[in-house]
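Here the structure is laid out as structure tokens; the discussion comes afterwards.
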Amino acid sequence: MKSYDFKSIEEKWQKVWNEKKVARVEGKNSSGKFYMLMMFPYPSGKLHVGHGRNYILGDAVYRYLRMRGLKPLNPMGWDSFGLPAENAAIKKGVHPRKWTLENIKEMKSQFSRWGVLYDWDREILTCDPSYYKWNQWFFLKMYEKGLAYKAKANANWCPGCRTVLANEQVVNGVCERCSTPVEGRLLEQWFLRITNYAERLLEGLDKLKQWPERVITLQRNWIGKSEGADIIFEIPHLGKKIEVFTTRPDTLFGATFLALSPDHPLSEEIVEKDKFSELKNLRMKKGDTYEKMGIKAKYTAIHPLTGKEIPIWIANFVLMEYGTGAIMSVPAHDQRDFEFASKYGIEIIEVIHKDGGFNGTCAYDGEGILINSSQFNGMESERAKRAIVEKLERMGRGKKSIRYKLRDWLISRQRYWGTPIPIIYCEKCGIVPEREENLPVLLPMDIEFKGLKGNPLETCEEFVNTLCPNCKGKAKRETDTMDTFVDSSWYFLRFINPKEEKAPFISKDVNEFLPVDLYIGGIEHAILHLLYSRFFTHVLYDLGLVNFQEPFQQLFTQGMICKISSITGKLEKMSKSKGNVVAPDEIISKYGADTERLYTLFIGPPEKDAEWSDQGVTGCFRFLKRVWDFGERISSMERKGEKVRDEKILRKLHQTIKKVTEDYERYHFNTAVASLMEFFNFFEENAKNENRAFLEEVFAIFIKLLYPMAPHICEELNQKISESEMMLLEKAWPCYDPQLAKEEMVVVVIQINGKLRGQVKVPENSPEDYVVELALKEENIKNHLAGKEIKKKIYVKNKILNFVL
RNA sequence: GCCGGAGUGGCGGAAUUGGUAGACGCAAGGGACUUAAAAUCCCUCGGAGUUUUCCCACUCCGUGCCGGUUCGAUUCCGGCCUCCGGCACCA
């Protein structure tokens, strides 16, 4: 008997799959359209078993769908622009492109060693001019539509990466990539006007029925819609107005002061000259780590409804980035206003009354009945909101308003390894977009990286100096490159026509294949990538380039693989910096790729985080080894006599087909593995007869069920026992016989007052009377019923019989 | 503070619509084989108790805590605790 030689089996089949290009989808899809996609990786180098989860999961789905008769489009590419490549270049002097291509080669071979299949004929690299040309093209389209613009803004500057970051890339005040604290810097930067799409991005979420609820919630909170009113306060001494945004117009009569952000454009005009240094100081002390403080302005504002003069303060707790940068402060009904008013002795007026509401020690921010509010007294908050806004609208002092937390997407990066922004600064014409026919604006390749500081593009004369496309006069190129999230915001469209030279894609084809039917990736992209991609798709829809607005029909977010970190001592996401990575090659050389695949799927529910256990891996290895030995045993048996079927085994088999099919449909691979193990335990135990024909029949079905998860061993076993040479990948998924999948005899549990007291075996769908009769014969039931009266009987067919006493 | 998600044996986890809690795997303990080890195979494995020579049984408790609905709750409802994730002076 040959022992389980996973190494040669796996090499053999990987070679076959690669050479036959089994996942290739040419042009249109004949077997029904299905587009599945794994989030494409950044080629950072070696992959670990944690990364593997994404790809293995996807491959199991892919192979299952293949057996179900679909031939899904399943492409793969590389998100290959970005900082790590550039940092490696500066450190080691190797060009980012070279570093990137080497990593891709390594990772691609890792995919092969895992036995995951992609249509490599559609491979794309975002760092390739044939790809990033279209980033530039989209940018120009957006510029035309006013969706790309340059503005001076207080940007998030990361001193570590020496570039600005998008709001989405700042996590807890530090850089998402390098964890350096982010500073504010006033810079001219390029933005994409994602805020124009806030409402549509919000509405679109309602249509995403097959997205995880938590991702929807994260996006909804990130967009952060608030409904309220803009209200105008006059400053008579200045002859100017201040507009504020509030969600609580019903509290307007309690507004006893205005508070302006220190960055508000009027802030310098309204404070005394001798308080300028104080103002500057205030600008440094923003954020909730600082105590609330402020400067009283030299002017007052007029309350739009009472006509009373109220003070204006510059306050460090008011954000310039949200609303209008100014608020009406209602100390009785907003805790922040309350703290500020208490500190500076500003008047506090209760206007919303409720029992247990405002008591003078802290603000009451709930709803109630209006008081101290003139003609609105006695109204409910909700009604008063409308009534007051209507009144303001009639007076021309305010209007209904909706605000979002979402801010425009800052895409400028002061780094080299990215898509050059196709903009030219002409001495005469100013900002001039590059002409379409001149695209791509090529990233220069001959750059010396060692010891470099700052953006190398700035020092690259051939790149910077150019002629104006308008007047042919002297001009300079923009040296900022694009955020790499631009690259990943549309790559799923490029896979349809990856080699198209005249357009980013062909609309007709894209409309046929998209939206992506199943998108698999990590939860860490819940906001950034998935929001930007949705935004891009909405924009492309408006440009008439695609006929759908949402790019991803179903989203599956898999959990992360964790392990105790040798550095922090805690359970952490597997990563090099935490010193807790497990290399796939370690597992593959010891147990094989099928074992790693099976264990990765068995480790727990795929949408949840899981802890890697080296010991757990052995369980899966032992299982596969037993499967192999069983196959060997069958193939060494003599073919003789007639096929003798074993009813018990057949029933168990068909129950297992049913269970495993249902589990695959729901992506519950962990329980699919458990069911297959359970079946195999049963099979081994009961397959005592030496009837090869029958054992072979059962075993052939069993390995089909196991195939999507452990494909190499199953292909090999299939070849060994099967008469046809056809690969399992091309075979049909087994159907179960509903009659056989049912138990012949079902166990009905007997309860007394809801407590388990016994069980009887009866034929399926037995009538109540029959089950009661049998139950009453049970010794234990008799004991419990002795001397008591049965009040009620509850019978659930094939499940339970409950006597209520 | 706000918004999500979760809490089940020594561990990872199962229980698809309210119907036998602990499937499957790991670890552990015991045994077989072996000079020995590895590998493999067999048995035990939530807690407490009753019965008993053993087997076979049986009873009570048990799914974070307290309460409710129900013949019956890991599952539904109300209140709390803890942990994880996201947002956070967002007016």
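Residue numbering restarts at 1 in every chain; chains get A, B, ... in the order shown in the structure tokens, and ligands count up from 1 in that same order.
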*Write out as an MDAnalysis selection string every residue belonging to chain A that has an atom at most 7 Å from any atom of chain B, counting only C-alpha atoms (C1' of nucleotides).*
chainID A and resid 214 218 246 287:288 317:318 322 327 336 405 603:604 615:616 619 674 677:678 749 753:754 794 799:800 802 804
Could the residues in this selection be saved with C-alpha atoms as an mmCIF file, in the first residue's frame?
```cif
data_model
loop_
_atom_site.group_PDB
_atom_site.id
_atom_site.type_symbol
_atom_site.label_atom_id
_atom_site.label_comp_id
_atom_site.auth_asym_id
_atom_site.auth_seq_id
_atom_site.Cartn_x
_atom_site.Cartn_y
_atom_site.Cartn_z
ATOM 1 C CA ARG A 214 -22.100 45.555 10.032
ATOM 2 C CA LEU A 218 -20.085 51.274 9.294
ATOM 3 C CA THR A 246 -28.226 72.702 14.256
ATOM 4 C CA GLY A 287 -9.486 67.972 20.069
ATOM 5 C CA ASP A 288 -11.132 66.398 23.056
ATOM 6 C CA PHE A 317 -14.548 72.656 20.809
ATOM 7 C CA VAL A 318 -16.199 73.842 17.603
ATOM 8 C CA TYR A 322 -18.271 70.091 10.110
ATOM 9 C CA ILE A 327 -22.898 76.755 16.263
ATOM 10 C CA ARG A 336 -20.671 70.723 25.667
ATOM 11 C CA LYS A 405 -19.805 63.852 8.228
ATOM 12 C CA ILE A 603 -10.912 26.635 11.897
ATOM 13 C CA GLY A 604 -14.257 28.343 12.511
ATOM 14 C CA GLN A 615 -2.070 21.253 16.778
ATOM 15 C CA GLY A 616 -5.420 21.776 15.127
ATOM 16 C CA GLY A 619 -6.388 16.759 13.077
ATOM 17 C CA ALA A 674 -17.333 18.295 10.343
ATOM 18 C CA MET A 677 -15.514 13.710 9.045
ATOM 19 C CA GLU A 678 -18.612 12.371 10.708
ATOM 20 C CA VAL A 749 -38.167 12.605 22.243
ATOM 21 C CA ASN A 753 -43.364 19.155 31.511
ATOM 22 C CA GLY A 754 -40.708 20.045 28.966
ATOM 23 C CA ILE A 794 -48.055 18.379 22.628
ATOM 24 C CA LYS A 799 -39.497 15.584 16.899
ATOM 25 C CA ILE A 800 -41.101 15.507 20.330
ATOM 26 C CA ASN A 802 -44.533 16.448 25.560
ATOM 27 C CA VAL A 804 -48.040 18.337 30.515
#
```
*Which residues come within 9 Å of Ile235 in chain A, counting only C-alpha atoms (C1' of nucleotides), excluding same-chain residues fewer than 4 positions away, as a PyMOL selection string?*
chain A and resi 239-242+299-302
Okay, now the selection with N, CA, C and O atoms, as a short mmCIF file (atom, residue, chain, number, x, y, z; two decimals), in the first residue's frame?
```
data_model
loop_
_atom_site.label_atom_id
_atom_site.label_comp_id
_atom_site.auth_asym_id
_atom_site.auth_seq_id
_atom_site.Cartn_x
_atom_site.Cartn_y
_atom_site.Cartn_z
N GLY A 239 -21.91 94.29 10.18
CA GLY A 239 -22.67 94.24 8.93
C GLY A 239 -22.55 92.88 8.25
O GLY A 239 -22.68 92.76 7.04
N LYS A 240 -22.28 91.85 9.03
CA LYS A 240 -22.15 90.51 8.45
C LYS A 240 -23.07 89.53 9.18
O LYS A 240 -23.65 89.86 10.21
N LYS A 241 -23.15 88.33 8.58
CA LYS A 241 -24.01 87.30 9.17
C LYS A 241 -23.17 86.09 9.54
O LYS A 241 -22.16 85.82 8.91
N ILE A 242 -23.66 85.37 10.50
CA ILE A 242 -23.04 84.07 10.80
C ILE A 242 -24.12 83.01 10.64
O ILE A 242 -25.22 83.15 11.17
N TYR A 299 -17.95 91.69 19.33
CA TYR A 299 -19.29 91.98 18.83
C TYR A 299 -20.30 91.00 19.38
O TYR A 299 -19.94 89.93 19.88
N THR A 300 -21.57 91.35 19.24
CA THR A 300 -22.63 90.44 19.62
C THR A 300 -23.47 90.11 18.39
O THR A 300 -23.36 90.77 17.36
N ALA A 301 -24.28 89.08 18.53
CA ALA A 301 -25.16 88.67 17.43
C ALA A 301 -26.61 88.88 17.86
O ALA A 301 -26.90 88.96 19.05
N ILE A 302 -27.49 88.96 16.86
CA ILE A 302 -28.91 89.15 17.17
C ILE A 302 -29.65 87.83 17.01
O ILE A 302 -29.56 87.17 15.96
#
```
_Env of C80 in chain B: 12 Å cut, atoms = only C-alpha atoms (C1' of nucleotides), seq-sep filter 2 positions within chain, self excluded. Answer as a list in words._
G64, C65, C66, G67, G78 and U82 of chain B
_When DSSP is applied to the backbone of this structure, which of range 450-498 of chain A are assigned helix (DSSP H, G or I)? Write them out as a VMD selection string._
chain A and resid 456 to 459 461 to 464 484 to 487 491 to 494
*Identify, on the basis of only C-alpha atoms (C1' of nucleotides), every residue whose closest approach to Thr484 in chain A does not exceed 7 Å; exclude the query and any residue fewer than 5 positions from it along the same chain; express the result as a list in words.*
Phe81, Gly82 and Gly418 of chain A
Selection above as a file: N, CA and C atoms, as an mmCIF file, in the first residue's frame:
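And here is the file that came out, again24.cif:
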```cif
data_model
loop_
_atom_site.group_PDB
_atom_site.id
_atom_site.type_symbol
_atom_site.label_atom_id
_atom_site.label_comp_id
_atom_site.auth_asym_id
_atom_site.auth_seq_id
_atom_site.Cartn_x
_atom_site.Cartn_y
_atom_site.Cartn_z
ATOM 1 N N PHE A 81 0.875 49.746 -6.813
ATOM 2 C CA PHE A 81 1.489 51.019 -6.460
ATOM 3 C C PHE A 81 1.402 51.152 -4.944
ATOM 4 N N GLY A 82 2.303 51.926 -4.351
ATOM 5 C CA GLY A 82 2.150 52.182 -2.924
ATOM 6 C C GLY A 82 3.450 52.351 -2.173
ATOM 7 N N GLY A 418 3.249 56.030 -7.571
ATOM 8 C CA GLY A 418 1.807 56.135 -7.747
ATOM 9 C C GLY A 418 1.515 56.747 -9.108
#
```
_With only C-alpha atoms (C1' of nucleotides) as the counted atoms, please give the residues lying no more than 8 Å from range 648-650 of chain A, apart from itself and same-chain residues fewer than 2 positions off, as a PyMOL selection string._
chain A and resi 645-646+652-654+682-683+686-687+698+740
_strand (DSSP E) call set, DSSP backbone run, range 297-488 of chain A, as an MDAnalysis selection string_ = chainID A and resid 297:302 309:315 326:329 352:353 369:370 398:404 409:410 412:413 423:426 430:433 465:467 474:477 481:482
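With CA of Val673 in chain A on one side and CA of Cys714 in chain A on the other, the separation reads 14.2 Å.
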*How far is it from CA of Glu10 in chain A to CA of Leu717 in chain A, in Å with one decimal?*
12.0 Å
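Residues with any atom within 7 Å of range 431-441 of chain A, counting only C-alpha atoms (C1' of nucleotides) and excluding same-chain neighbours fewer than 4 positions away, are Pro129, Lys133, Trp137, Leu140, Pro420, Pro422, Ile423, Ile424, Tyr425, Cys426 and Pro469 of chain A.
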Write out, as a PDB file, in the first residue's frame, the residues just selected, with N, CA and C atoms.
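Final output, saved to result_35.pdb:
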```pdb
ATOM      1  N   PRO A 129       1.715  51.256 -16.948  1.00  0.00           N
ATOM      2  CA  PRO A 129       1.140  52.427 -17.625  1.00  0.00           C
ATOM      3  C   PRO A 129      -0.172  52.118 -18.338  1.00  0.00           C
ATOM      4  N   LYS A 133      -2.842  54.717 -16.872  1.00  0.00           N
ATOM      5  CA  LYS A 133      -3.331  55.663 -17.875  1.00  0.00           C
ATOM      6  C   LYS A 133      -4.810  55.991 -17.633  1.00  0.00           C
ATOM      7  N   TRP A 137      -7.185  59.185 -16.927  1.00  0.00           N
ATOM      8  CA  TRP A 137      -8.330  59.479 -17.790  1.00  0.00           C
ATOM      9  C   TRP A 137      -9.583  59.764 -16.950  1.00  0.00           C
ATOM     10  N   LEU A 140      -9.343  63.137 -15.382  1.00  0.00           N
ATOM     11  CA  LEU A 140      -9.687  64.219 -16.313  1.00  0.00           C
ATOM     12  C   LEU A 140     -11.199  64.337 -16.494  1.00  0.00           C
ATOM     13  N   PRO A 420       0.834  59.554 -11.630  1.00  0.00           N
ATOM     14  CA  PRO A 420       0.984  61.009 -11.693  1.00  0.00           C
ATOM     15  C   PRO A 420      -0.375  61.672 -12.000  1.00  0.00           C
ATOM     16  N   PRO A 422      -2.553  64.098 -13.817  1.00  0.00           N
ATOM     17  CA  PRO A 422      -2.299  64.657 -15.156  1.00  0.00           C
ATOM     18  C   PRO A 422      -2.682  66.139 -15.263  1.00  0.00           C
ATOM     19  N   ILE A 423      -1.979  66.957 -14.520  1.00  0.00           N
ATOM     20  CA  ILE A 423      -2.274  68.384 -14.481  1.00  0.00           C
ATOM     21  C   ILE A 423      -0.991  69.161 -14.767  1.00  0.00           C
ATOM     22  N   ILE A 424      -1.141  70.267 -15.478  1.00  0.00           N
ATOM     23  CA  ILE A 424       0.013  71.097 -15.833  1.00  0.00           C
ATOM     24  C   ILE A 424      -0.241  72.515 -15.344  1.00  0.00           C
ATOM     25  N   TYR A 425       0.811  73.130 -14.785  1.00  0.00           N
ATOM     26  CA  TYR A 425       0.696  74.514 -14.324  1.00  0.00           C
ATOM     27  C   TYR A 425       1.433  75.403 -15.312  1.00  0.00           C
ATOM     28  N   CYS A 426       0.663  76.216 -16.039  1.00  0.00           N
ATOM     29  CA  CYS A 426       1.245  77.071 -17.068  1.00  0.00           C
ATOM     30  C   CYS A 426       1.417  78.475 -16.501  1.00  0.00           C
ATOM     31  N   PRO A 469      -0.296  72.543 -22.800  1.00  0.00           N
ATOM     32  CA  PRO A 469      -1.070  71.999 -23.920  1.00  0.00           C
ATOM     33  C   PRO A 469      -1.895  73.075 -24.635  1.00  0.00           C
TER      34      PRO A 469
END
```
*Skip A15 in chain B itself and residues of its chain fewer than 6 positions away, then list as number ranges by chain all residues within 12 Å of it, counting only C-alpha atoms (C1' of nucleotides).*
A: 671; B: 8, 21-23, 63, 74-75
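Computed from the coordinates, the CA of Ala610 in chain A to CA of Gln553 in chain A distance equals 26.0 Å.
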